[in-house]
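A.B. asks: model.cif is the file, holding mmCIF, C-alpha atoms and all ligand atoms:
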data_structure
#
loop_
_atom_site.label_atom_id
_atom_site.label_comp_id
_atom_site.auth_asym_id
_atom_site.auth_seq_id
_atom_site.Cartn_x
_atom_site.Cartn_y
_atom_site.Cartn_z
CA MET A 1 -11.76 12.89 20.13
CA THR A 2 -15.10 12.30 18.46
CA THR A 3 -17.05 9.31 17.31
CA PRO A 4 -16.59 9.06 13.54
CA ALA A 5 -19.68 9.49 11.39
CA SER A 6 -21.37 6.12 11.38
CA ARG A 7 -21.08 4.11 8.17
CA CYS A 8 -23.58 1.74 9.56
CA PRO A 9 -27.22 1.43 8.54
CA PHE A 10 -27.80 -0.75 11.63
CA GLU A 11 -27.18 1.91 14.29
CA HIS A 12 -29.91 4.05 15.77
CA ILE A 13 -28.65 6.95 17.87
CA GLN A 14 -31.71 8.42 19.58
CA ASN A 15 -30.13 11.74 20.61
CA PRO A 16 -26.61 12.24 19.16
CA ASP A 17 -25.88 15.48 21.07
CA LEU A 18 -26.87 13.96 24.40
CA GLU A 19 -24.82 10.84 23.66
CA ALA A 20 -21.76 12.96 22.80
CA GLU A 21 -22.10 14.73 26.17
CA GLN A 22 -22.47 11.41 27.98
CA ILE A 23 -19.37 10.01 26.26
CA ALA A 24 -17.35 13.13 27.16
CA GLU A 25 -18.39 12.92 30.83
CA THR A 26 -17.68 9.16 31.07
CA THR A 27 -14.24 9.73 29.55
CA GLU A 28 -13.54 12.49 32.07
CA ILE A 29 -14.67 10.27 34.97
CA THR A 30 -12.46 7.40 33.71
CA VAL A 31 -9.40 9.61 34.13
CA LYS A 32 -10.57 10.95 37.53
CA LEU A 33 -11.12 7.39 38.78
CA LEU A 34 -7.62 6.40 37.68
CA ASP A 35 -6.12 9.39 39.51
CA LYS A 36 -8.03 8.40 42.67
CA ARG A 37 -7.08 4.71 42.47
CA TYR A 38 -3.42 5.29 41.68
CA PRO A 39 -2.10 8.42 43.44
CA PRO A 40 1.61 9.08 42.79
CA PRO A 41 4.03 7.34 42.97
CA LYS A 42 1.75 4.41 42.04
CA GLN A 43 1.79 3.33 38.42
CA ILE A 44 -1.58 3.92 36.72
CA LEU A 45 -3.14 0.68 35.46
CA ARG A 46 -6.03 0.02 33.05
CA GLY A 47 -9.40 1.70 33.78
CA VAL A 48 -11.02 -1.77 33.69
CA HIS A 49 -9.32 -5.21 33.49
CA PRO A 50 -6.16 -4.03 35.33
CA LYS A 51 -5.33 -7.51 36.63
CA SER A 52 -3.62 -9.71 34.07
CA HIS A 53 -3.20 -13.50 34.30
CA GLY A 54 -0.60 -13.36 31.52
CA CYS A 55 0.03 -12.58 27.88
CA VAL A 56 0.71 -15.42 25.42
CA LYS A 57 1.94 -15.58 21.85
CA ALA A 58 -0.43 -17.15 19.33
CA THR A 59 -1.31 -17.51 15.68
CA PHE A 60 -4.68 -16.70 14.13
CA THR A 61 -5.44 -18.74 10.99
CA ILE A 62 -8.47 -18.30 8.75
CA ASN A 63 -10.20 -21.63 8.15
CA CYS A 64 -9.42 -23.16 4.73
CA ASP A 65 -13.09 -24.12 4.37
CA ILE A 66 -14.58 -20.78 5.49
CA PRO A 67 -17.90 -20.33 3.59
CA PRO A 68 -17.54 -17.82 0.67
CA ASP A 69 -20.16 -15.43 2.12
CA LEU A 70 -18.03 -15.09 5.31
CA GLN A 71 -14.82 -14.22 3.44
CA VAL A 72 -15.01 -10.58 4.52
CA GLY A 73 -12.43 -8.19 6.05
CA LEU A 74 -9.93 -10.11 8.18
CA PHE A 75 -11.49 -13.38 7.01
CA ALA A 76 -11.15 -12.62 3.26
CA GLU A 77 -8.40 -15.12 2.48
CA PRO A 78 -8.91 -18.81 3.40
CA GLY A 79 -5.80 -20.33 5.04
CA LYS A 80 -4.13 -16.97 5.77
CA GLN A 81 -2.15 -16.95 9.03
CA PHE A 82 -1.41 -13.97 11.27
CA ASP A 83 0.74 -13.63 14.40
CA ALA A 84 -1.19 -12.61 17.49
CA VAL A 85 -0.79 -11.83 21.17
CA ILE A 86 -3.47 -12.57 23.75
CA ARG A 87 -3.91 -11.01 27.21
CA PHE A 88 -6.07 -12.81 29.80
CA SER A 89 -7.50 -10.68 32.62
CA ASN A 90 -10.10 -10.08 35.30
CA ALA A 91 -12.67 -7.44 34.36
CA SER A 92 -12.86 -5.89 37.84
CA ALA A 93 -11.77 -2.25 37.90
CA LEU A 94 -9.57 -2.99 40.93
CA VAL A 95 -6.70 -5.45 41.36
CA GLU A 96 -8.11 -7.86 43.94
CA PRO A 97 -8.19 -11.62 44.66
CA ASP A 98 -9.63 -13.69 41.77
CA THR A 99 -12.62 -14.76 43.90
CA THR A 100 -14.29 -12.73 46.65
CA GLU A 101 -14.56 -15.12 49.63
CA THR A 102 -15.39 -12.73 52.46
CA GLU A 103 -17.29 -9.47 52.77
CA ILE A 104 -18.32 -7.08 55.52
CA ASP A 105 -22.08 -7.31 56.17
CA PRO A 106 -23.15 -3.62 56.09
CA ARG A 107 -25.97 -4.28 58.64
CA THR A 108 -23.85 -6.01 61.28
CA ASN A 109 -20.32 -4.91 60.28
CA GLU A 110 -19.29 -8.57 60.61
CA VAL A 111 -17.11 -10.49 58.17
CA VAL A 112 -19.27 -13.02 56.32
CA GLU A 113 -18.29 -15.81 53.93
CA VAL A 114 -19.38 -15.30 50.33
CA ASP A 115 -18.46 -16.90 47.01
CA LYS A 116 -18.53 -14.26 44.29
CA GLN A 117 -16.84 -14.67 40.95
CA GLY A 118 -15.87 -11.85 38.60
CA SER A 119 -16.02 -11.51 34.84
CA ARG A 120 -12.90 -12.71 32.95
CA GLY A 121 -11.39 -11.19 29.82
CA MET A 122 -9.56 -12.41 26.73
CA ALA A 123 -8.12 -9.74 24.43
CA ILE A 124 -6.61 -10.87 21.11
CA LYS A 125 -4.38 -8.58 19.09
CA VAL A 126 -4.06 -9.92 15.54
CA LEU A 127 -0.89 -8.30 14.21
CA ASN A 128 -0.19 -6.60 10.86
CA VAL A 129 -3.48 -7.36 9.18
CA GLY A 130 -2.94 -4.83 6.35
CA GLY A 131 -6.03 -3.14 4.93
CA GLU A 132 -7.68 0.10 6.02
CA VAL A 133 -8.03 0.53 9.79
CA LEU A 134 -10.19 2.85 11.90
CA THR A 135 -7.36 3.61 14.37
CA ASP A 136 -3.77 2.45 14.00
CA ASP A 137 -1.92 0.84 16.90
CA ASN A 138 1.28 2.91 17.28
CA GLY A 139 1.52 2.90 13.49
CA ALA A 140 0.65 -0.79 13.04
CA HIS A 141 -2.52 -2.10 11.41
CA ASN A 142 -3.74 -4.53 14.06
CA GLN A 143 -7.18 -6.05 14.62
CA ASP A 144 -8.11 -6.33 18.31
CA PHE A 145 -10.86 -8.67 19.51
CA LEU A 146 -11.92 -7.97 23.14
CA MET A 147 -14.09 -10.53 24.89
CA ILE A 148 -15.53 -11.47 28.27
CA ASN A 149 -16.82 -14.83 29.46
CA GLN A 150 -20.48 -13.73 29.34
CA GLN A 151 -22.62 -13.51 26.24
CA MET A 152 -24.25 -10.29 27.47
CA PHE A 153 -22.52 -7.14 28.75
CA ALA A 154 -23.97 -6.11 32.13
CA PHE A 155 -24.58 -2.47 31.10
CA ALA A 156 -26.95 -1.82 28.21
CA ASN A 157 -25.80 1.51 26.86
CA THR A 158 -23.92 4.77 27.38
CA GLU A 159 -26.61 6.30 29.62
CA ASP A 160 -26.39 3.39 32.08
CA TYR A 161 -22.60 3.20 32.03
CA LEU A 162 -22.37 6.91 32.82
CA ARG A 163 -24.75 6.44 35.77
CA LEU A 164 -22.49 3.64 37.03
CA ASP A 165 -19.35 5.76 36.62
CA ARG A 166 -20.90 8.69 38.52
CA VAL A 167 -21.71 6.33 41.42
CA LEU A 168 -18.19 4.83 41.38
CA LEU A 169 -16.61 8.27 41.49
CA GLN A 170 -18.81 9.53 44.34
CA ASP A 171 -18.78 6.32 46.39
CA ASN A 172 -15.11 5.27 46.15
CA ASP A 173 -15.60 2.47 43.63
CA VAL A 174 -18.62 0.93 45.39
CA ALA A 175 -21.39 0.32 42.83
CA ASP A 176 -24.30 -0.44 45.21
CA ARG A 177 -26.09 2.89 44.73
CA PHE A 178 -26.44 2.12 41.00
CA PHE A 179 -29.10 -0.44 42.00
CA LEU A 180 -30.93 1.76 44.52
CA PRO A 181 -33.77 2.73 42.10
CA LEU A 182 -34.86 -0.93 42.33
CA LEU A 183 -35.52 -0.46 46.07
CA ILE A 184 -36.37 3.23 46.49
CA PRO A 185 -38.56 5.18 44.01
CA ASP A 186 -36.44 7.67 42.05
CA SER A 187 -38.29 10.04 39.73
CA SER A 188 -35.11 10.75 37.72
CA VAL A 189 -35.01 7.09 36.61
CA SER A 190 -37.56 6.03 33.96
CA ASP A 191 -39.40 2.67 34.05
CA GLU A 192 -37.43 1.61 30.99
CA GLN A 193 -34.18 2.41 32.77
CA LYS A 194 -35.37 0.53 35.87
CA GLN A 195 -35.94 -2.56 33.73
CA ARG A 196 -32.41 -2.28 32.40
CA ILE A 197 -31.01 -1.90 35.95
CA ALA A 198 -32.89 -5.08 36.96
CA LYS A 199 -31.32 -6.88 33.99
CA THR A 200 -27.86 -5.60 34.97
CA LEU A 201 -28.39 -7.04 38.45
CA ASN A 202 -29.48 -10.40 36.97
CA ILE A 203 -26.44 -10.62 34.71
CA ILE A 204 -24.11 -9.79 37.61
CA LYS A 205 -25.78 -12.17 40.12
CA ASP A 206 -26.61 -15.09 37.79
CA ASP A 207 -24.04 -14.99 34.99
CA ILE A 208 -20.96 -13.35 36.47
CA GLN A 209 -20.88 -14.07 40.21
CA LYS A 210 -21.86 -17.74 39.79
CA THR A 211 -19.47 -18.64 36.96
CA ASP A 212 -16.51 -20.30 38.65
CA VAL A 213 -13.50 -20.52 36.34
CA GLY A 214 -10.62 -22.95 36.97
CA ASN A 215 -8.39 -21.87 34.08
CA PRO A 216 -8.56 -18.76 31.86
CA LEU A 217 -7.30 -20.92 28.97
CA GLY A 218 -10.19 -23.38 29.30
CA ILE A 219 -13.35 -21.25 28.90
CA GLN A 220 -15.40 -19.63 26.14
CA TYR A 221 -15.34 -15.85 25.63
CA PHE A 222 -17.76 -13.52 23.80
CA SER A 223 -17.69 -10.03 22.25
CA ALA A 224 -21.14 -9.32 23.75
CA ALA A 225 -21.31 -6.12 21.67
CA PRO A 226 -21.85 -6.11 17.86
CA PHE A 227 -19.56 -5.13 14.99
CA LEU A 228 -19.91 -4.51 11.27
CA PHE A 229 -19.26 -7.41 8.95
CA GLY A 230 -18.58 -5.66 5.66
CA THR A 231 -21.13 -3.09 4.54
CA ASN A 232 -24.40 -4.99 4.77
CA LYS A 233 -24.01 -7.43 7.66
CA VAL A 234 -23.16 -7.36 11.37
CA MET A 235 -21.41 -9.84 13.65
CA LYS A 236 -20.72 -10.86 17.21
CA PHE A 237 -17.72 -13.10 17.87
CA SER A 238 -16.59 -15.73 20.33
CA ALA A 239 -13.51 -17.87 21.08
CA LYS A 240 -14.04 -21.40 22.41
CA PRO A 241 -11.36 -23.91 23.50
CA CYS A 242 -11.29 -26.93 21.15
CA ALA A 243 -10.68 -29.34 24.06
CA GLU A 244 -10.92 -29.42 27.85
CA VAL A 245 -7.97 -27.62 29.49
CA PRO A 246 -7.17 -28.71 33.06
CA PRO A 247 -7.47 -27.58 35.80
CA THR A 248 -11.20 -27.34 35.11
CA GLN A 249 -11.99 -26.63 38.80
CA SER A 250 -10.84 -23.78 41.02
CA PRO A 251 -8.64 -24.74 43.98
CA PRO A 252 -10.34 -25.46 47.35
CA ARG A 253 -10.90 -22.56 49.73
CA PRO A 254 -9.17 -20.52 50.91
CA ARG A 255 -7.99 -19.91 47.40
CA PRO A 256 -4.67 -18.24 46.55
CA ASP A 257 -5.33 -14.63 45.47
CA ASN A 258 -3.92 -15.22 41.98
CA TYR A 259 -4.93 -18.81 41.25
CA LEU A 260 -5.96 -17.92 37.68
CA ARG A 261 -2.43 -16.70 36.93
CA ASP A 262 -1.07 -19.88 38.57
CA ALA A 263 -3.36 -22.04 36.38
CA LEU A 264 -2.37 -20.16 33.22
CA THR A 265 1.35 -20.33 34.02
CA GLY A 266 1.14 -24.07 34.81
CA THR A 267 -0.80 -24.74 31.60
CA MET A 268 1.72 -22.79 29.52
CA ASN A 269 4.58 -24.89 30.93
CA GLU A 270 3.10 -28.07 29.38
CA LYS A 271 3.80 -29.41 25.90
CA ASP A 272 1.53 -29.43 22.81
CA PRO A 273 -0.27 -26.39 21.46
CA LEU A 274 -3.68 -25.24 22.66
CA HIS A 275 -6.41 -24.39 20.18
CA PHE A 276 -9.47 -22.12 20.26
CA ASP A 277 -12.16 -21.96 17.59
CA PHE A 278 -12.90 -18.36 16.63
CA MET A 279 -16.56 -18.15 15.70
CA LEU A 280 -19.06 -15.60 14.39
CA GLN A 281 -22.76 -14.93 14.63
CA VAL A 282 -23.63 -13.02 11.45
CA ARG A 283 -26.85 -11.11 10.80
CA SER A 284 -27.97 -9.33 7.65
CA GLU A 285 -30.19 -6.32 7.09
CA SER A 286 -33.20 -8.61 6.67
CA CYS A 287 -32.96 -9.76 10.32
CA ASP A 288 -35.19 -8.36 13.05
CA PHE A 289 -33.16 -5.95 15.22
CA GLY A 290 -36.03 -5.16 17.57
CA PRO A 291 -37.57 -1.79 18.50
CA ASP A 292 -35.02 1.08 18.18
CA ASN A 293 -32.50 -1.54 16.93
CA GLU A 294 -32.08 -2.86 20.45
CA PHE A 295 -30.13 -5.93 19.27
CA ILE A 296 -27.45 -3.44 18.21
CA GLU A 297 -27.96 -0.59 20.66
CA ASN A 298 -28.39 -2.63 23.86
CA ALA A 299 -25.22 -4.58 24.74
CA SER A 300 -27.19 -6.63 27.33
CA SER A 301 -29.27 -8.22 24.55
CA LYS A 302 -28.39 -11.73 23.49
CA TRP A 303 -28.33 -13.01 19.93
CA GLU A 304 -29.56 -16.58 19.65
CA ASP A 305 -28.00 -17.14 16.18
CA GLU A 306 -25.74 -20.13 15.61
CA PHE A 307 -21.97 -19.53 15.98
CA ILE A 308 -20.02 -20.48 12.82
CA SER A 309 -16.31 -21.32 13.05
CA VAL A 310 -14.19 -19.05 10.81
CA ALA A 311 -10.65 -19.24 12.24
CA LYS A 312 -8.39 -21.22 14.54
CA ILE A 313 -6.29 -19.70 17.32
CA THR A 314 -3.18 -21.71 18.12
CA ILE A 315 -1.22 -21.07 21.31
CA PRO A 316 2.16 -22.84 21.04
CA ARG A 317 3.54 -24.45 24.22
CA PRO A 318 5.66 -24.39 26.25
CA GLN A 319 5.92 -20.63 26.87
CA PRO A 320 7.72 -20.66 30.25
CA GLU A 321 8.46 -16.93 29.89
CA VAL A 322 4.76 -16.14 30.38
CA ASP A 323 5.19 -15.36 34.11
CA SER A 324 8.55 -13.53 33.74
CA GLU A 325 8.94 -9.90 34.83
CA GLU A 326 9.90 -8.94 31.28
CA ASN A 327 6.68 -10.42 29.89
CA LYS A 328 4.60 -8.74 32.60
CA VAL A 329 6.08 -5.34 31.68
CA HIS A 330 5.44 -5.96 27.98
CA CYS A 331 1.88 -7.11 28.70
CA GLU A 332 1.22 -3.99 30.77
CA LYS A 333 2.34 -1.72 27.93
CA LEU A 334 -0.02 -3.19 25.34
CA ALA A 335 -3.21 -1.27 24.60
CA PHE A 336 -6.25 -3.08 23.24
CA THR A 337 -9.37 -1.35 21.95
CA PRO A 338 -12.22 -2.51 19.71
CA TRP A 339 -11.38 0.56 17.59
CA HIS A 340 -8.05 -1.01 16.54
CA SER A 341 -10.02 -2.52 13.71
CA LEU A 342 -10.35 -2.95 10.00
CA VAL A 343 -13.09 -0.68 8.63
CA GLU A 344 -15.03 -3.82 7.71
CA HIS A 345 -15.37 -4.70 11.42
CA GLN A 346 -16.22 -1.26 12.84
CA PRO A 347 -17.57 -1.45 16.42
CA ILE A 348 -21.25 -0.45 16.48
CA GLY A 349 -23.96 0.26 19.04
CA SER A 350 -24.07 2.63 22.00
CA ILE A 351 -21.57 0.83 24.27
CA ASN A 352 -19.06 0.50 21.43
CA ARG A 353 -19.35 4.17 20.48
CA LEU A 354 -18.61 5.00 24.12
CA ARG A 355 -15.59 2.70 24.21
CA LYS A 356 -13.63 4.66 21.59
CA ASP A 357 -12.73 7.72 23.67
CA VAL A 358 -12.69 5.87 27.02
CA TYR A 359 -10.10 3.26 25.97
CA GLU A 360 -7.95 5.93 24.35
CA ALA A 361 -8.05 8.09 27.51
CA SER A 362 -7.24 5.12 29.77
CA ALA A 363 -4.32 3.95 27.61
CA LYS A 364 -2.88 7.46 27.23
CA HIS A 365 -3.20 8.22 30.94
CA ARG A 366 -1.36 5.08 32.01
CA GLU A 367 1.27 5.54 29.32
CA ALA A 368 1.90 9.09 30.54
CA SER A 369 2.28 7.85 34.14
CA VAL A 370 4.96 5.33 33.08
CA SER A 371 7.01 7.93 31.20
CA LYS A 372 6.96 10.41 34.16
C1 LIG A 401 -19.08 -5.51 25.30
C2 LIG A 401 -18.53 -4.78 26.21
C3 LIG A 401 -17.10 -4.88 26.66
C4 LIG A 401 -16.18 -5.89 26.56
C5 LIG A 401 -16.38 -7.26 25.94
C6 LIG A 401 -14.96 -5.42 27.14
C7 LIG A 401 -13.78 -6.15 27.25
C8 LIG A 401 -12.57 -5.64 27.68
C9 LIG A 401 -11.36 -6.39 27.81
C10 LIG A 401 -11.18 -7.88 27.51
C11 LIG A 401 -10.39 -5.54 28.23
C12 LIG A 401 -8.95 -5.88 28.56
C13 LIG A 401 -8.04 -5.51 27.42
C14 LIG A 401 -6.62 -5.82 27.78
O1 LIG A 401 -6.33 -6.99 28.09
O2 LIG A 401 -5.80 -4.90 27.79
C15 LIG A 401 -10.99 -4.24 28.41
C16 LIG A 401 -10.32 -3.12 28.82
C17 LIG A 401 -10.91 -1.93 29.08
N1 LIG A 401 -12.26 -1.67 29.02
FE1 LIG A 401 -13.69 -2.87 28.26
N2 LIG A 401 -15.15 -4.13 27.59
C18 LIG A 401 -16.43 -3.77 27.32
C19 LIG A 401 -17.04 -2.56 27.60
C20 LIG A 401 -16.42 -1.51 28.18
C21 LIG A 401 -17.06 -0.25 28.49
C22 LIG A 401 -18.52 0.10 28.27
C23 LIG A 401 -16.10 0.55 29.04
C24 LIG A 401 -16.21 1.95 29.54
C25 LIG A 401 -16.84 2.85 28.90
C26 LIG A 401 -14.87 -0.19 29.05
C27 LIG A 401 -13.66 0.30 29.48
C28 LIG A 401 -12.46 -0.36 29.38
C29 LIG A 401 -11.18 0.25 29.69
C30 LIG A 401 -10.95 1.67 30.18
C31 LIG A 401 -10.20 -0.74 29.48
C32 LIG A 401 -8.70 -0.57 29.65
C33 LIG A 401 -8.12 0.18 28.43
C34 LIG A 401 -6.62 0.40 28.53
O3 LIG A 401 -6.17 1.10 29.44
O4 LIG A 401 -5.90 -0.13 27.67
N3 LIG A 401 -15.10 -1.44 28.54
N4 LIG A 401 -12.32 -4.32 28.07
#
Turn the structure described in the file into structure tokens.
Ligand code: HEM

C.D. replies:
Amino acid sequence: MTTPASRCPFEHIQNPDLEAEQIAETTEITVKLLDKRYPPPKQILRGVHPKSHGCVKATFTINCDIPPDLQVGLFAEPGKQFDAVIRFSNASALVEPDTTETEIDPRTNEVVEVDKQGSRGMAIKVLNVGGEVLTDDNGAHNQDFLMINQQMFAFANTEDYLRLDRVLLQDNDVADRFFLPLLIPDSSVSDEQKQRIAKTLNIIKDDIQKTDVGNPLGIQYFSAAPFLFGTNKVMKFSAKPCAEVPPTQSPPRPRPDNYLRDALTGTMNEKDPLHFDFMLQVRSESCDFGPDNEFIENASSKWEDEFISVAKITIPRPQPEVDSEENKVHCEKLAFTPWHSLVEHQPIGSINRLRKDVYEASAKHREASVSK
């Protein structure tokens, strides 16, 4: 398992050998964490995003009026329609209640009330897209689009994600020690790294924990990380509901553990299709990518470019089967990765290079545990 030679003039890998080592160690830790979280006879779930709110059937249709310069890769043919499946999830590495309402205060050991939200995920699998793909999906040529409901990913690059994973492995999935260099001087952590850790904390505290979601079908999602757009451009993508989707508010406290699944199931029992706009931010070689290409290499950096609508996602309703056991089993078996992709949309940047081996290891490990 290696990262393929980059076809991308936008990437800037500072130390390829070191990065390869970091990717190998993170992949190894991913599998160790899964073995710790799910000892036999438990079924192994996803390394991240294990909790699903449901999988829905959809169509993905390229806009008839897509501008000619955006008719690239999946978007080459105006009006073309593909079947798709979408999985909605919580990002948390553990299956837990949708909102954290109580915590133990480490100083007093008392239970205190808190209100902490988690990041939410939307993964779209556009089926049978034809063309040349980077990795096939059990033989099929599918294009996966993985998104979260924040515009910036909390961890900038492979180095930081590995530091997080080491802490999670040593401290039984508690991430607190990742932030310790902000409080206690640590000579092994550079000033640059400290700045990135401070940004991670800001994204978690301000963007993730404060974003209260009433319905996974009613919010906007973002790729956060960048992708190729043909040979001489790059893109980030986003999916945004075309209209308000009730319930827009979370239920009053104490909230049911799985109120996001309840909201999704209720919404999918109604009539009339739901629509999302699928949009792109596109940048060309002439754009400023910052020192060391940080707008590509740092997944916590935000592009301010305008989002342009290129496709429409339609989710037909009703789909009462969404909460059935059969659908849950099917949903569990699916494997999404940004590397299920047309060559024109190759994932790029440090975090995306890391994702290739990690997603493959997670999917293979859980598949093997099911077939045992
Ligand atoms: C821009 C950054 C990222 C985004 C937007 C993102 C989004 C997602 C989403 C939406 C899923 C759920 C897919 C599904 O429904 O099956 C997922 C799964 C997963 N993510 Fe990420 N993710 C990001 C970065 C990372 C990184 C840096 C890692 C670790 C190196 C990671 C590891 C995983 C793993 C292990 C899975 C489960 C794979 C499987 O077993 O099928 N992700 N991610």

A.B. asks: Using only C-alpha atoms, tabulate the residues of range 256-352 of chain A lying at most 7 Å from any atom of range 156-175 of chain A, each with its closest atom pair and that distance in Å to one decimal, by chain and increasing residue number, as a tab-separated table.

C.D. replies:
residue	atom	partner	partner_atom	distance
A:Glu297	CA	A:Asn157	CA	6.9
A:Asn298	CA	A:Ala156	CA	4.7
A:Ala299	CA	A:Ala156	CA	4.8
A:Ser300	CA	A:Ala156	CA	4.9
A:Ser350	CA	A:Asn157	CA	5.3
A:Ile351	CA	A:Asn157	CA	5.0

A.B. asks: With C-alpha atoms retained, could you export that selection as a PDB file, keeping the file's coordinate frame?

C.D. replies:
ATOM      1  CA  GLU A 297     -27.960  -0.590  20.660  1.00  0.00           C
ATOM      2  CA  ASN A 298     -28.390  -2.630  23.860  1.00  0.00           C
ATOM      3  CA  ALA A 299     -25.220  -4.580  24.740  1.00  0.00           C
ATOM      4  CA  SER A 300     -27.190  -6.630  27.330  1.00  0.00           C
ATOM      5  CA  SER A 350     -24.070   2.630  22.000  1.00  0.00           C
ATOM      6  CA  ILE A 351     -21.570   0.830  24.270  1.00  0.00           C
TER       7      ILE A 351
END

A.B. asks: Please return as a ChimeraX atom specification the residues found within 6 Å of ligand LIG 401 (chain A), counting all atoms listed in the file.

C.D. replies: /A:46-49,87,89,121-123,146-148,153,223-225,335-336,351,354-355,358-359,362-363

A.B. asks: Out of A:Ile315, A:Val31, A:Leu18, A:Leu260, which residue has the shortest atom-to-atom distance to Ala58 in chain A when counting only C-alpha atoms?

C.D. replies: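 So, comparing all the options, the nearest one is A:Ile315.
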
A.B. asks: For Met268 in chain A, find every residue with an atom within 8 Å (counting only C-alpha atoms), except residues of its own chain fewer than 3 positions away, and show them as number ranges by chain.

C.D. replies: A: 264-265, 271, 317-320, 322

A.B. asks: Which value, in Å to one decimal, gives the distance between CA of Leu33 in chain A and CA of Ser52 in chain A?

C.D. replies: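 Going from CA of Leu33 in chain A over to CA of Ser52 in chain A, I get 19.3 Å.
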
A.B. asks: Could you check how far CA of Glu11 in chain A sits from CA of Asn293 in chain A, in Å to one decimal?

C.D. replies: 6.9 Å

A.B. asks: Separation of CA of Ile44 in chain A and CA of Gln117 in chain A, in Å?

C.D. replies: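 CA of Gln117 in chain A lies 24.4 Å from CA of Ile44 in chain A.
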
A.B. asks: Can you tell me, as a ChimeraX atom specification, which residues sit within 7 Å of (-28.9, 6.3, 38.6) in the file's frame, using only C-alpha atoms?

C.D. replies: /A:163,178,181,189

A.B. asks: Using all atoms listed in the file and a cutoff of 12 Å, can you tell me which residues are near (-11.4, -12.2, 3.5) in the file's coordinates, and write them out as a ChimeraX atom specification?

C.D. replies: /A:61-64,66-81,129-131,229-230,310-311,342,344-345

A.B. asks: How would the residues just picked look written out with C-alpha atoms as a CSV table (one decimal), in the coordinates of the input?

C.D. replies:
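Contents of selection_12.csv, freshly written:
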chain,number,residue,atom,x,y,z
A,61,THR,CA,-5.4,-18.7,11.0
A,62,ILE,CA,-8.5,-18.3,8.8
A,63,ASN,CA,-10.2,-21.6,8.2
A,64,CYS,CA,-9.4,-23.2,4.7
A,66,ILE,CA,-14.6,-20.8,5.5
A,67,PRO,CA,-17.9,-20.3,3.6
A,68,PRO,CA,-17.5,-17.8,0.7
A,69,ASP,CA,-20.2,-15.4,2.1
A,70,LEU,CA,-18.0,-15.1,5.3
A,71,GLN,CA,-14.8,-14.2,3.4
A,72,VAL,CA,-15.0,-10.6,4.5
A,73,GLY,CA,-12.4,-8.2,6.0
A,74,LEU,CA,-9.9,-10.1,8.2
A,75,PHE,CA,-11.5,-13.4,7.0
A,76,ALA,CA,-11.2,-12.6,3.3
A,77,GLU,CA,-8.4,-15.1,2.5
A,78,PRO,CA,-8.9,-18.8,3.4
A,79,GLY,CA,-5.8,-20.3,5.0
A,80,LYS,CA,-4.1,-17.0,5.8
A,81,GLN,CA,-2.2,-17.0,9.0
A,129,VAL,CA,-3.5,-7.4,9.2
A,130,GLY,CA,-2.9,-4.8,6.4
A,131,GLY,CA,-6.0,-3.1,4.9
A,229,PHE,CA,-19.3,-7.4,9.0
A,230,GLY,CA,-18.6,-5.7,5.7
A,310,VAL,CA,-14.2,-19.0,10.8
A,311,ALA,CA,-10.6,-19.2,12.2
A,342,LEU,CA,-10.4,-3.0,10.0
A,344,GLU,CA,-15.0,-3.8,7.7
A,345,HIS,CA,-15.4,-4.7,11.4

A.B. asks: With only C-alpha atoms as the atoms that count, which of A:Asn90, A:Thr267, A:Thr99, A:Thr314 lies nearest to Thr59 in chain A?

C.D. replies: A:Thr314

A.B. asks: Given all atoms listed in the file as the basis, pick out the residue of A:Pro252, A:Gly266, A:Pro39, A:Gly349 nearest to Asp212 in chain A.

C.D. replies: A:Pro252

A.B. asks: Taking only C-alpha atoms into account, name the residue in A:His53, A:Lys240, A:Lys210, A:Arg255 that is nearest to Leu274 in chain A.

C.D. replies: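 Of A:His53, A:Lys240, A:Lys210, A:Arg255, the one nearest Leu274 in chain A, counting only C-alpha atoms, is A:Lys240.
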
A.B. asks: Find, counting all atoms listed in the file, the residue in A:Val234, A:Ala154, A:Ala91, A:Ala263 that gets nearest to Pro246 in chain A.

C.D. replies: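 Checking each candidate against Pro246 in chain A, we get A:Ala263 as the closest.
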
A.B. asks: Would you compute an axis-aligned box for range 81-85 of chain A, covering every atom listed for it in the file with 6 Å of margin on each side, and report centre and edge lengths in Å to one decimal as lines of an AutoDock Vina configuration file?

C.D. replies:
center_x = -0.7
center_y = -14.4
center_z = 15.1
size_x = 14.9
size_y = 17.1
size_z = 24.1

A.B. asks: Calculated over only C-alpha atoms, which of the candidates A:Glu244, A:Asp206, A:Glu304, A:Asp17 has the smallest distance to Ser119 in chain A?

C.D. replies: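 Looking only at the distances to Ser119 in chain A, the closest residue turns out to be A:Asp206.
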
A.B. asks: Would you tabulate, counting all atoms listed in the file, all residues of range 253-345 of chain A that have an atom at most 12 Å from an atom of range 100-105 of chain A, showing the closest pair of atoms and their distance in Å to one decimal, sorted by chain then ascending number, as JSON lines?

C.D. replies:
{"residue": "A:Arg253", "atom": "CA", "partner": "A:Glu101", "partner_atom": "CA", "distance": 8.3}
{"residue": "A:Pro254", "atom": "CA", "partner": "A:Glu101", "partner_atom": "CA", "distance": 7.7}
{"residue": "A:Arg255", "atom": "CA", "partner": "A:Glu101", "partner_atom": "CA", "distance": 8.4}
{"residue": "A:Pro256", "atom": "CA", "partner": "A:Glu101", "partner_atom": "CA", "distance": 10.8}
{"residue": "A:Asp257", "atom": "CA", "partner": "A:Thr100", "partner_atom": "CA", "distance": 9.2}
{"residue": "A:Asn258", "atom": "CA", "partner": "A:Thr100", "partner_atom": "CA", "distance": 11.6}
